[in-house]
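Content type compact mmCIF, C-alpha atoms, from the file data14.txt:
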# COMPACT_ATOMS: atom_id res chain seq x y z
CA MET M 1 29.83 26.01 -18.38
CA THR M 2 31.60 29.26 -19.21
CA ASN M 3 31.99 28.88 -22.96
CA LYS M 4 28.79 29.34 -24.95
CA LEU M 5 30.24 27.19 -27.76
CA LYS M 6 30.81 24.25 -25.43
CA HIS M 7 28.01 21.67 -25.44
CA ALA M 8 26.43 20.47 -22.19
CA ASP M 9 27.65 17.06 -21.06
CA ASP M 10 25.39 14.23 -19.81
CA ASP M 11 25.72 15.26 -16.16
CA GLU M 12 24.63 18.83 -16.92
CA LEU M 13 21.62 17.62 -18.93
CA HIS M 14 20.77 15.32 -16.02
CA VAL M 15 20.67 18.41 -13.78
CA LEU M 16 18.01 19.94 -16.04
CA LEU M 17 15.89 16.78 -15.78
CA PHE M 18 16.25 15.96 -12.09
CA GLY M 19 18.32 18.68 -10.40
CA ASP M 20 17.55 21.68 -8.25
CA ALA M 21 15.93 24.40 -10.38
CA GLU M 22 17.31 27.06 -8.01
CA SER M 23 20.95 26.00 -8.36
CA ASP M 24 23.51 27.98 -10.35
CA GLU M 25 24.37 24.89 -12.40
CA PHE M 26 20.71 24.49 -13.42
CA ARG M 27 20.40 28.15 -14.49
CA THR M 28 23.68 28.13 -16.40
CA THR M 29 22.85 24.93 -18.27
CA ALA M 30 19.31 26.10 -19.01
CA ALA M 31 20.63 29.36 -20.47
CA HIS M 32 22.98 27.42 -22.75
CA VAL M 33 20.37 24.84 -23.85
CA GLU M 34 17.99 27.65 -24.76
CA THR M 35 20.40 28.78 -27.49
CA CYS M 36 21.88 25.41 -28.52
CA ASP M 37 19.85 23.25 -30.92
CA ALA M 38 22.13 20.23 -30.48
CA CYS M 39 21.81 20.23 -26.68
CA ARG M 40 18.05 20.75 -26.83
CA GLU M 41 17.79 17.76 -29.12
CA ARG M 42 19.87 15.63 -26.71
CA LEU M 43 17.71 16.81 -23.81
CA ASP M 44 14.58 15.87 -25.75
CA ILE M 45 15.90 12.34 -26.32
CA ALA M 46 16.99 11.94 -22.70
CA ALA M 47 13.57 13.03 -21.43
CA GLY M 48 11.83 10.22 -23.31
CA PRO M 49 9.24 10.11 -26.10
CA THR M 50 6.02 9.70 -24.12
CA GLY M 51 3.03 11.98 -24.49
CA ILE M 52 3.31 13.37 -20.96
CA ASP M 53 6.86 14.47 -21.73
CA ALA M 54 5.61 16.52 -24.66
CA GLU M 55 2.83 18.07 -22.57
CA ALA M 56 5.18 18.79 -19.69
CA ARG M 57 7.67 20.45 -22.04
CA ALA M 58 4.92 22.63 -23.50
CA LEU M 59 3.83 23.55 -19.99
CA LEU M 60 7.23 24.27 -18.48
CA SER M 61 9.08 26.07 -21.24
CA ASP M 62 8.86 28.32 -24.27
CA TYR M 63 11.29 26.28 -26.37
CA PRO M 64 10.22 25.38 -29.92
CA TRP M 65 9.55 21.75 -28.96
CA ASP M 66 7.38 21.12 -32.03
CA GLU M 67 10.37 21.75 -34.29
CA LEU M 68 12.59 19.60 -32.09
CA SER M 69 10.07 16.76 -32.17
CA LYS M 70 10.03 16.86 -35.97
CA SER M 71 13.83 16.85 -36.01
CA ARG M 72 13.94 13.91 -33.63
CA SER M 73 11.37 12.02 -35.71
CA ARG M 74 13.58 12.41 -38.78
CA ILE M 75 16.53 11.00 -36.85
CA GLN M 76 14.51 7.97 -35.79
CA ILE M 77 13.26 7.37 -39.32
CA ASP M 78 16.77 7.56 -40.74
CA ALA M 79 18.33 5.33 -38.09
CA GLY M 80 15.43 3.80 -36.18
CA SER M 81 16.92 0.32 -35.87
CA HIS M 82 20.21 1.77 -34.61
CA VAL M 83 18.37 3.74 -31.90
CA GLN M 84 16.56 0.61 -30.74
CA ARG M 85 19.75 -1.47 -30.62
CA ALA M 86 21.55 1.28 -28.74
CA SER M 87 18.80 1.43 -26.10
CA LEU M 88 18.99 -2.35 -25.53
CA ASP M 89 22.74 -2.80 -25.55
CA PHE M 90 22.64 -3.85 -21.88
CA LEU M 91 21.02 -7.15 -22.88
CA SER M 92 23.01 -10.37 -23.18
CA PRO M 93 22.82 -12.37 -26.42
CA PRO M 94 19.53 -14.28 -26.68
CA SER M 95 19.38 -18.05 -26.43
CA HIS M 96 16.71 -18.11 -29.14
CA PRO M 97 16.99 -16.28 -32.48
CA GLU M 98 13.46 -14.85 -32.23
CA MET M 99 14.25 -13.04 -28.98
CA LEU M 100 15.84 -9.58 -28.65
CA GLY M 101 18.21 -10.59 -25.88
CA ARG M 102 18.48 -11.84 -22.33
CA LEU M 103 18.41 -10.11 -18.94
CA GLY M 104 19.39 -12.59 -16.24
CA ARG M 105 16.93 -15.44 -16.37
CA TYR M 106 14.51 -13.47 -18.55
CA GLU M 107 14.34 -13.84 -22.34
CA ILE M 108 13.33 -10.48 -23.87
CA GLU M 109 10.66 -10.75 -26.56
CA ARG M 110 9.85 -7.15 -27.49
CA VAL M 111 9.66 -3.53 -26.33
CA ILE M 112 6.26 -2.60 -24.87
CA GLY M 113 6.96 1.08 -24.22
CA SER M 114 9.52 3.63 -23.06
CA GLY M 115 9.70 6.93 -21.23
CA GLY M 116 11.97 9.30 -19.36
CA MET M 117 12.49 6.87 -16.48
CA GLY M 118 13.17 3.75 -18.53
CA VAL M 119 11.97 1.12 -20.96
CA VAL M 120 9.31 -1.59 -20.50
CA LEU M 121 9.92 -5.00 -22.08
CA LYS M 122 7.83 -8.10 -22.57
CA ALA M 123 9.87 -11.10 -21.45
CA PHE M 124 9.65 -14.78 -20.56
CA ASP M 125 10.69 -16.07 -17.14
CA THR M 126 12.68 -19.21 -17.95
CA GLU M 127 12.56 -20.52 -14.37
CA LEU M 128 8.84 -20.10 -13.70
CA ASN M 129 7.75 -20.52 -17.34
CA ARG M 130 5.52 -17.47 -17.55
CA PRO M 131 5.41 -14.20 -19.48
CA VAL M 132 6.34 -11.07 -17.54
CA ALA M 133 6.81 -7.36 -18.09
CA ILE M 134 10.13 -5.81 -17.08
CA LYS M 135 10.70 -2.12 -16.37
CA VAL M 136 14.39 -1.22 -16.72
CA LEU M 137 15.78 2.05 -15.38
CA ALA M 138 16.98 4.29 -18.22
CA GLN M 139 20.68 3.95 -18.96
CA HIS M 140 21.45 7.64 -18.44
CA LEU M 141 20.00 7.31 -14.90
CA ALA M 142 21.46 3.90 -14.01
CA HIS M 143 24.71 5.50 -12.83
CA SER M 144 22.98 8.15 -10.71
CA GLY M 145 22.81 7.26 -7.04
CA ALA M 146 19.77 9.48 -6.47
CA ALA M 147 17.90 7.97 -9.42
CA ARG M 148 18.72 4.42 -8.32
CA GLN M 149 17.53 5.17 -4.80
CA ARG M 150 14.32 6.67 -6.14
CA PHE M 151 13.76 3.66 -8.38
CA ALA M 152 14.32 1.27 -5.44
CA ARG M 153 11.94 3.21 -3.19
CA GLU M 154 9.18 3.20 -5.80
CA SER M 155 9.68 -0.50 -6.48
CA ARG M 156 9.38 -1.37 -2.80
CA ALA M 157 6.26 0.80 -2.46
CA ILE M 158 4.60 -0.89 -5.43
CA ALA M 159 5.59 -4.39 -4.29
CA ALA M 160 3.82 -3.78 -0.97
CA VAL M 161 0.49 -3.44 -2.78
CA VAL M 162 -0.97 -6.92 -3.28
CA HIS M 163 -4.44 -6.88 -4.79
CA GLU M 164 -6.32 -8.55 -7.62
CA HIS M 165 -6.83 -5.19 -9.36
CA VAL M 166 -3.23 -4.00 -9.13
CA VAL M 167 -0.48 -5.32 -11.40
CA ALA M 168 1.70 -7.55 -9.20
CA ILE M 169 5.45 -7.09 -8.75
CA HIS M 170 7.34 -10.41 -8.96
CA ASN M 171 10.92 -9.30 -8.50
CA VAL M 172 13.06 -6.19 -7.93
CA GLU M 173 16.75 -5.98 -8.88
CA SER M 174 17.84 -2.57 -7.61
CA ASP M 175 21.50 -3.52 -7.05
CA ASP M 176 22.07 -4.67 -10.62
CA GLU M 177 24.17 -2.57 -12.99
CA HIS M 178 20.91 -1.84 -14.79
CA PRO M 179 18.17 -1.80 -12.09
CA PHE M 180 14.86 -3.33 -13.11
CA LEU M 181 11.62 -4.66 -11.69
CA VAL M 182 9.61 -7.61 -12.96
CA MET M 183 5.84 -7.22 -13.15
CA GLN M 184 2.84 -9.32 -14.00
CA TYR M 185 2.21 -9.31 -17.74
CA VAL M 186 -1.42 -8.53 -18.61
CA ALA M 187 -2.67 -9.82 -21.95
CA GLY M 188 -5.31 -7.40 -23.17
CA GLU M 189 -5.63 -3.71 -23.86
CA SER M 190 -5.79 -0.44 -22.00
CA LEU M 191 -8.99 1.39 -21.18
CA GLN M 192 -7.74 4.20 -23.41
CA SER M 193 -7.58 1.84 -26.39
CA ARG M 194 -11.03 0.42 -25.68
CA VAL M 195 -12.76 3.81 -25.56
CA ASP M 196 -10.79 5.11 -28.54
CA ARG M 197 -12.03 2.13 -30.55
CA GLU M 198 -15.61 1.75 -29.28
CA GLY M 199 -16.53 5.18 -27.96
CA PRO M 200 -18.31 5.81 -24.63
CA LEU M 201 -19.04 2.68 -22.62
CA ASP M 202 -22.37 1.46 -21.31
CA SER M 203 -23.21 2.92 -17.90
CA LYS M 204 -23.12 -0.51 -16.24
CA GLU M 205 -19.66 -1.11 -17.69
CA VAL M 206 -18.55 2.28 -16.38
CA MET M 207 -19.75 1.34 -12.90
CA ARG M 208 -18.17 -2.12 -13.02
CA ILE M 209 -14.77 -0.79 -14.06
CA GLY M 210 -15.06 2.05 -11.54
CA ILE M 211 -15.77 -0.42 -8.71
CA GLN M 212 -12.66 -2.45 -9.51
CA ALA M 213 -10.44 0.60 -9.96
CA ALA M 214 -11.60 2.03 -6.64
CA ALA M 215 -10.87 -1.29 -4.94
CA GLY M 216 -7.33 -1.33 -6.36
CA LEU M 217 -6.68 2.26 -5.30
CA SER M 218 -8.03 1.51 -1.83
CA ALA M 219 -5.47 -1.29 -1.45
CA ALA M 220 -2.67 1.07 -2.52
CA HIS M 221 -3.83 3.84 -0.18
CA GLU M 222 -3.89 1.42 2.75
CA GLN M 223 -0.17 0.88 2.14
CA GLY M 224 0.43 4.64 2.04
CA VAL M 225 0.96 4.64 -1.72
CA ILE M 226 -0.58 7.34 -3.93
CA HIS M 227 -0.63 6.54 -7.64
CA ARG M 228 -0.62 10.19 -8.82
CA ASP M 229 -1.14 9.27 -12.47
CA VAL M 230 -4.48 7.44 -12.68
CA LYS M 231 -5.58 7.62 -16.31
CA PRO M 232 -7.20 5.36 -18.93
CA ALA M 233 -3.80 4.31 -20.33
CA ASN M 234 -2.82 2.96 -16.90
CA ILE M 235 -5.93 0.81 -16.49
CA LEU M 236 -5.57 -2.53 -18.25
CA LEU M 237 -8.50 -4.70 -19.35
CA GLU M 238 -7.53 -8.34 -19.13
CA ARG M 239 -8.46 -10.31 -22.25
CA GLY M 240 -11.09 -13.01 -21.71
CA ILE M 241 -11.75 -11.98 -18.09
CA GLU M 242 -13.94 -9.12 -16.93
CA ARG M 243 -11.18 -7.77 -14.73
CA ILE M 244 -9.15 -4.56 -14.73
CA LEU M 245 -5.70 -3.98 -13.29
CA ILE M 246 -4.07 -0.68 -12.42
CA THR M 247 -0.51 -0.40 -13.63
CA ASP M 248 2.43 2.01 -13.79
CA PHE M 249 2.83 3.28 -10.27
CA GLY M 250 5.99 4.92 -11.58
CA LEU M 251 4.91 8.27 -10.14
CA ALA M 252 3.84 6.80 -6.81
CA ARG M 253 5.23 8.17 -3.57
CA THR M 254 4.75 6.99 -0.03
CA VAL M 255 2.83 9.52 2.01
CA ASP M 256 5.65 9.93 4.54
CA ASP M 257 8.35 10.34 1.88
CA ALA M 258 9.87 13.80 2.28
CA SER M 259 13.41 13.02 1.15
CA LEU M 260 12.95 13.29 -2.61
CA THR M 261 14.07 16.47 -4.30
CA HIS M 262 11.47 18.78 -5.80
CA THR M 263 12.44 20.21 -9.16
CA GLY M 264 9.22 22.02 -9.97
CA ILE M 265 8.27 19.48 -12.64
CA VAL M 266 4.60 18.57 -12.48
CA ALA M 267 4.13 14.80 -12.17
CA GLY M 268 1.00 13.40 -13.75
CA THR M 269 -1.09 13.68 -16.90
CA PRO M 270 -2.79 17.11 -17.32
CA HIS M 271 -6.19 15.82 -18.50
CA TYR M 272 -6.60 13.67 -15.38
CA MET M 273 -4.63 15.71 -12.85
CA SER M 274 -6.22 17.05 -9.68
CA PRO M 275 -6.23 20.81 -8.94
CA GLU M 276 -3.88 20.33 -5.98
CA GLN M 277 -1.37 18.53 -8.20
CA ALA M 278 -1.62 21.23 -10.85
CA ASN M 279 -1.03 23.91 -8.22
CA GLY M 280 1.92 22.07 -6.71
CA ASP M 281 0.15 21.76 -3.35
CA THR M 282 0.47 18.83 -0.97
CA ALA M 283 -1.58 15.94 -2.34
CA ASP M 284 -3.03 13.03 -0.37
CA HIS M 285 -4.98 9.95 -1.45
CA ARG M 286 -7.91 12.11 -2.59
CA THR M 287 -5.88 13.30 -5.57
CA ASP M 288 -6.33 9.79 -6.97
CA LEU M 289 -10.09 10.10 -6.42
CA PHE M 290 -10.22 13.22 -8.60
CA SER M 291 -8.29 11.36 -11.30
CA LEU M 292 -10.64 8.38 -10.96
CA GLY M 293 -13.58 10.74 -11.46
CA SER M 294 -11.92 12.02 -14.64
CA VAL M 295 -11.51 8.43 -15.84
CA LEU M 296 -15.18 7.66 -15.14
CA TYR M 297 -16.12 10.81 -17.04
CA PHE M 298 -13.93 9.69 -19.95
CA MET M 299 -15.61 6.26 -20.05
CA ALA M 300 -19.08 7.81 -19.89
CA THR M 301 -18.57 10.52 -22.50
CA GLY M 302 -15.56 9.51 -24.59
CA ARG M 303 -13.58 12.60 -23.57
CA PRO M 304 -11.86 13.96 -20.44
CA PRO M 305 -13.76 16.54 -18.35
CA PHE M 306 -11.29 19.37 -19.06
CA ARG M 307 -9.88 20.01 -22.51
CA ALA M 308 -7.75 22.69 -24.15
CA GLU M 309 -5.19 22.99 -26.94
CA ARG M 310 -2.25 23.33 -24.54
CA ALA M 311 -1.40 21.65 -21.26
CA MET M 312 -1.48 25.00 -19.47
CA GLY M 313 -5.07 25.51 -20.59
CA VAL M 314 -6.08 22.07 -19.35
CA LEU M 315 -4.52 22.68 -15.94
CA HIS M 316 -6.13 26.12 -15.67
CA ARG M 317 -9.56 24.67 -16.43
CA SER M 318 -9.16 21.79 -13.98
CA CYS M 319 -8.31 24.33 -11.26
CA HIS M 320 -10.90 27.01 -12.00
CA ASP M 321 -13.63 25.87 -14.40
CA THR M 322 -16.70 23.77 -13.69
CA HIS M 323 -16.93 20.70 -15.89
CA CYS M 324 -19.98 19.98 -18.01
CA PRO M 325 -21.97 17.20 -16.22
CA ALA M 326 -21.63 13.76 -17.78
CA TRP M 327 -25.41 13.40 -18.24
CA GLN M 328 -25.42 16.60 -20.29
CA VAL M 329 -22.78 15.22 -22.69
CA ASN M 330 -24.32 11.74 -22.83
CA SER M 331 -28.06 11.64 -22.09
CA ASP M 332 -27.90 7.86 -21.52
CA ILE M 333 -25.85 8.31 -18.33
CA PRO M 334 -27.92 7.80 -15.14
CA ASP M 335 -28.22 10.91 -13.01
CA ASP M 336 -26.93 9.09 -9.92
CA LEU M 337 -23.76 8.05 -11.75
CA SER M 338 -23.29 11.59 -13.00
CA ASP M 339 -23.68 12.82 -9.40
CA ILE M 340 -20.94 10.44 -8.21
CA ILE M 341 -18.63 11.72 -10.92
CA ASP M 342 -19.45 15.32 -9.99
CA ARG M 343 -18.53 14.65 -6.37
CA LEU M 344 -15.22 13.05 -7.36
CA LEU M 345 -14.42 16.11 -9.48
CA GLU M 346 -14.93 18.63 -6.68
CA LYS M 347 -12.13 21.22 -6.59
CA LYS M 348 -11.85 21.08 -2.80
CA THR M 349 -10.65 17.74 -1.43
CA SER M 350 -13.00 18.01 1.55
CA ARG M 351 -16.01 17.87 -0.77
CA ARG M 352 -14.93 14.64 -2.47
CA PHE M 353 -15.49 11.16 -1.12
CA ALA M 354 -13.47 10.52 2.02
CA ASN M 355 -11.71 7.49 0.54
CA ALA M 356 -11.75 4.97 -2.28
CA VAL M 357 -13.77 2.50 -0.19
CA ASP M 358 -16.69 4.94 -0.11
CA VAL M 359 -16.44 5.34 -3.89
CA ARG M 360 -16.49 1.58 -4.43
CA GLU M 361 -19.50 1.10 -2.13
CA SER M 362 -21.46 3.94 -3.76
CA LEU M 363 -20.84 2.54 -7.24
CA ALA M 364 -21.67 -1.00 -6.08
CA ARG M 365 -25.01 0.12 -4.60
CA LEU M 366 -25.84 2.05 -7.75
CA LEU M 367 -24.97 -0.91 -9.99
CA ALA M 368 -27.12 -3.27 -7.90
CA ARG M 369 -30.04 -0.84 -7.97
CA THR M 370 -29.65 -0.31 -11.73
CA GLN M 371 -29.58 -4.06 -12.42
CA GLN M 372 -32.71 -4.55 -10.32
CA HIS M 373 -34.81 -1.52 -11.21
CA GLY M 374 -33.21 -0.20 -14.39
CA THR M 375 -31.71 3.20 -15.11
CA ARG M 376 -33.24 6.15 -13.28
CA ARG M 377 -33.19 9.51 -14.99
CA ARG M 378 -34.68 12.78 -13.90
CA SER M 379 -37.54 14.40 -15.76
CA ARG M 380 -36.83 16.82 -18.57
CA ALA M 381 -37.93 19.69 -16.33
CA ALA M 382 -35.59 18.62 -13.53
CA ARG M 383 -32.68 18.26 -15.93
CA PHE M 384 -33.53 21.63 -17.49
CA ILE M 385 -33.39 23.26 -14.06
CA ARG M 386 -30.14 21.43 -13.18
CA ARG M 387 -28.61 22.59 -16.44
CA ARG M 388 -29.66 26.19 -15.68
CA PRO M 389 -29.45 26.64 -11.91
CA PHE M 390 -29.97 30.40 -12.21
CA LEU M 391 -33.52 29.70 -13.46
CA ALA M 392 -34.19 27.56 -10.40
CA SER M 393 -33.05 30.45 -8.23
CA ALA M 394 -35.26 32.87 -10.14
CA VAL M 395 -38.28 30.54 -9.79
CA MET M 396 -37.65 30.20 -6.07
CA VAL M 397 -37.42 33.96 -5.64
CA CYS M 398 -40.70 34.42 -7.53
CA PHE M 399 -42.38 31.72 -5.46
CA VAL M 400 -41.28 33.27 -2.15
CA SER M 401 -42.30 36.72 -3.37
CA ALA M 402 -45.73 35.41 -4.29
CA ILE M 403 -46.19 33.90 -0.83
CA PHE M 404 -45.23 37.17 0.82
CA ALA M 405 -47.63 39.04 -1.48
CA VAL M 406 -50.47 36.70 -0.54
CA PHE M 407 -49.80 37.14 3.15
CA ALA M 408 -49.47 40.88 2.70
CA PHE M 409 -52.94 40.99 1.05
CA VAL M 410 -54.79 38.38 3.09
CA LEU M 411 -53.61 39.16 6.63
CA PRO M 412 -54.90 42.78 6.70
CA THR M 413 -58.23 41.59 5.29
CA VAL M 414 -58.54 38.88 7.92
CA GLU M 415 -57.61 41.28 10.70
CA GLU M 416 -60.17 43.83 9.46
CA GLY M 417 -62.86 41.16 9.35
CA GLU M 418 -62.03 40.03 12.86
CA LYS M 419 -62.28 43.63 14.11
CA ARG M 420 -65.70 44.08 12.49
CA SER M 421 -66.94 40.83 13.96
CA LEU M 422 -65.71 41.81 17.40
CA SER M 423 -67.45 45.23 17.12
CA ALA M 424 -70.70 43.57 16.16
CA GLU M 425 -70.52 41.23 19.08
CA ILE M 426 -69.90 44.14 21.46
CA ARG M 427 -72.70 46.22 19.91
CA PHE M 428 -75.36 43.53 20.23
CA ALA M 429 -74.23 42.01 23.45
CA PRO M 430 -76.90 42.16 26.22
CA ASP M 431 -76.26 44.66 29.00
Kindly transcribe the structure held in the file into structure tokens.
Amino acid sequence: MTNKLKHADDDELHVLLFGDAESDEFRTTAAHVETCDACRERLDIAAGPTGIDAEARALLSDYPWDELSKSRSRIQIDAGSHVQRASLDFLSPPSHPEMLGRLGRYEIERVIGSGGMGVVLKAFDTELNRPVAIKVLAQHLAHSGAARQRFARESRAIAAVVHEHVVAIHNVESDDEHPFLVMQYVAGESLQSRVDREGPLDSKEVMRIGIQAAAGLSAAHEQGVIHRDVKPANILLERGIERILITDFGLARTVDDASLTHTGIVAGTPHYMSPEQANGDTADHRTDLFSLGSVLYFMATGRPPFRAERAMGVLHRSCHDTHCPAWQVNSDIPDDLSDIIDRLLEKKTSRRFANAVDVRESLARLLARTQQHGTRRRSRAARFIRRRPFLASAVMVCFVSAIFAVFAFVLPTVEEGEKRSLSAEIRFAPD
């Protein structure tokens, strides 16, 4: 792109989203987009409207994204129906007037959500007579060989995870003109919606959900799959059944996958992201354990453990600051549950639980003990000392000093007495 007046084409915008940040093409396009409102607006639309996109943009650039978001909102208000029809133009005409369209054997009922990687639809499987959820690769990526390969790899990784607490994959169509995967449809709500509506959950409910989430993550980790984006919005609560399912492994990677390009874009949600993810370090299955600890904290207190006005502030705090213990935010939280959360939120991976199985077993033992003996909380004095550890250190120093002072006073006295006694015995001893 040599002419500043020339707008970036779709391929050049695609480089900004998924290309090599060190390439000349990336730098040239980025320099143009920085001064071109029209291209920034197109890049904003291509990146998707999800909340993580907005946070990532705020983290990774100094562009005036707030103004662009307002501009994009006006466009959607003025021509919202046109935008929706344009995004679903790959669908065949529906066989029923109440449906949006048809994708193979699936009748599309409505749009569930959308993001930078694609759109999620609620559909009906006409052959198996059941509702399903379909994730379709975004149109601007459908013609990219690298994006299609990435989509296929993720779909295969997710399909390998079969567990009652993980959303099941029914079908993968990676060779279609518009690649898509068909997932189990869960009727209910997300954990995020539940807490937003009801506030912090009861401690037993926190443990029960934590046990199931840990079990689902354990099944994924056994297959070499790391979720990388465990958060309340990705934990579904099935209506009518006390069961949770983990969904949206869209950021998952197999542990041995080293072929994907690294663009410097942070994958994950800042409020629930582990320090190693935030730093761009190599992350293993324990990154999901940190995120699970953040989710447990959110359920127990109604807020994530690290908060700030900007994504950069959140990431900085998750890497360097110590969170406020859950029992200190919500006094109804058992100390043992707060201790489990604290261990999951350790900055160093070696200090966390070794695996999700250990987390599940610890929560299960605590739940059984709580149901049998009730909630155990420390005394006010113990909690006061835990809240102010420097006081505990000061008390210990004073105690040790007092002991030394006693010994320093008593020992010379005892020794002097022993000497006097010995002298008396010698003096009055018979010759």
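Distance annotation: of M:Gly210, M:Pro305, M:Pro131, M:Pro93, the residue with the minimal separation from Ser318 (chain M) is M:Pro305; atom set is all atoms listed in the file.
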Margin query: Just want the 7 Å neighbourhood of region 229-235 of chain M, counted on only C-alpha atoms, with same-chain residues fewer than 3 positions away dropped. Output as a ChimeraX atom specification.
Written below: /M:190-192,244-248,251,268-269,272,288,291-292,295
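Distance-wise, CA of Leu296 (chain M) and CA of Lys135 (chain M) end up 27.7 Å apart.
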Item checked: Separation of CA of Leu181 (chain M) from CA of Ser155 (chain M), in Å and rounded to one decimal -> 6.9 Å
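We find CA of Ser92 (chain M) and CA of Leu13 (chain M) to be spaced 28.3 Å apart.
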Can you pull out every residue within 12 Å of Ala168 (chain M), counting all atoms listed in the file, but drop anything in the same chain fewer than 3 positions away, and send it as a PDB file with C-alpha atoms, keeping the file's coordinate frame?
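The resulting file, part_30.pdb, is shown below:
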ATOM      1  CA  VAL M 132       6.340 -11.070 -17.540  1.00  0.00           C
ATOM      2  CA  ALA M 133       6.810  -7.360 -18.090  1.00  0.00           C
ATOM      3  CA  ILE M 134      10.130  -5.810 -17.080  1.00  0.00           C
ATOM      4  CA  SER M 155       9.680  -0.500  -6.480  1.00  0.00           C
ATOM      5  CA  ARG M 156       9.380  -1.370  -2.800  1.00  0.00           C
ATOM      6  CA  ALA M 157       6.260   0.800  -2.460  1.00  0.00           C
ATOM      7  CA  ILE M 158       4.600  -0.890  -5.430  1.00  0.00           C
ATOM      8  CA  ALA M 159       5.590  -4.390  -4.290  1.00  0.00           C
ATOM      9  CA  ALA M 160       3.820  -3.780  -0.970  1.00  0.00           C
ATOM     10  CA  VAL M 161       0.490  -3.440  -2.780  1.00  0.00           C
ATOM     11  CA  VAL M 162      -0.970  -6.920  -3.280  1.00  0.00           C
ATOM     12  CA  HIS M 163      -4.440  -6.880  -4.790  1.00  0.00           C
ATOM     13  CA  GLU M 164      -6.320  -8.550  -7.620  1.00  0.00           C
ATOM     14  CA  HIS M 165      -6.830  -5.190  -9.360  1.00  0.00           C
ATOM     15  CA  ASN M 171      10.920  -9.300  -8.500  1.00  0.00           C
ATOM     16  CA  VAL M 172      13.060  -6.190  -7.930  1.00  0.00           C
ATOM     17  CA  LEU M 181      11.620  -4.660 -11.690  1.00  0.00           C
ATOM     18  CA  VAL M 182       9.610  -7.610 -12.960  1.00  0.00           C
ATOM     19  CA  MET M 183       5.840  -7.220 -13.150  1.00  0.00           C
ATOM     20  CA  GLN M 184       2.840  -9.320 -14.000  1.00  0.00           C
ATOM     21  CA  TYR M 185       2.210  -9.310 -17.740  1.00  0.00           C
ATOM     22  CA  VAL M 186      -1.420  -8.530 -18.610  1.00  0.00           C
ATOM     23  CA  GLY M 216      -7.330  -1.330  -6.360  1.00  0.00           C
ATOM     24  CA  ALA M 220      -2.670   1.070  -2.520  1.00  0.00           C
ATOM     25  CA  LEU M 245      -5.700  -3.980 -13.290  1.00  0.00           C
ATOM     26  CA  ILE M 246      -4.070  -0.680 -12.420  1.00  0.00           C
ATOM     27  CA  THR M 247      -0.510  -0.400 -13.630  1.00  0.00           C
ATOM     28  CA  ASP M 248       2.430   2.010 -13.790  1.00  0.00           C
ATOM     29  CA  PHE M 249       2.830   3.280 -10.270  1.00  0.00           C
TER      30      PHE M 249
END
With the input short on atoms, add N, CA and C atoms back to region 23-34 of chain M and write it as a short mmCIF file (atom, residue, chain, number, x, y, z; two decimals), in the coordinates of the input.
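Result file is out-v7.cif:
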data_model
loop_
_atom_site.label_atom_id
_atom_site.label_comp_id
_atom_site.auth_asym_id
_atom_site.auth_seq_id
_atom_site.Cartn_x
_atom_site.Cartn_y
_atom_site.Cartn_z
N SER M 23 19.49 26.04 -8.41
CA SER M 23 20.95 26.00 -8.36
C SER M 23 21.56 26.79 -9.51
N ASP M 24 22.80 27.25 -9.29
CA ASP M 24 23.51 27.98 -10.35
C ASP M 24 23.77 27.09 -11.55
N GLU M 25 24.08 25.82 -11.30
CA GLU M 25 24.37 24.89 -12.40
C GLU M 25 23.13 24.73 -13.28
N PHE M 26 21.95 24.63 -12.66
CA PHE M 26 20.71 24.49 -13.42
C PHE M 26 20.49 25.72 -14.31
N ARG M 27 20.65 26.93 -13.72
CA ARG M 27 20.40 28.15 -14.49
C ARG M 27 21.39 28.31 -15.64
N THR M 28 22.67 27.99 -15.36
CA THR M 28 23.68 28.13 -16.40
C THR M 28 23.42 27.18 -17.56
N THR M 29 23.12 25.92 -17.22
CA THR M 29 22.85 24.93 -18.27
C THR M 29 21.59 25.28 -19.04
N ALA M 30 20.56 25.73 -18.34
CA ALA M 30 19.31 26.10 -19.01
C ALA M 30 19.52 27.25 -19.98
N ALA M 31 20.35 28.23 -19.58
CA ALA M 31 20.63 29.36 -20.47
C ALA M 31 21.35 28.90 -21.73
N HIS M 32 22.26 27.93 -21.58
CA HIS M 32 22.98 27.42 -22.75
C HIS M 32 22.04 26.62 -23.66
N VAL M 33 21.25 25.71 -23.05
CA VAL M 33 20.37 24.84 -23.85
C VAL M 33 19.35 25.66 -24.63
N GLU M 34 18.97 26.80 -24.09
CA GLU M 34 17.99 27.65 -24.76
C GLU M 34 18.50 28.16 -26.10
#
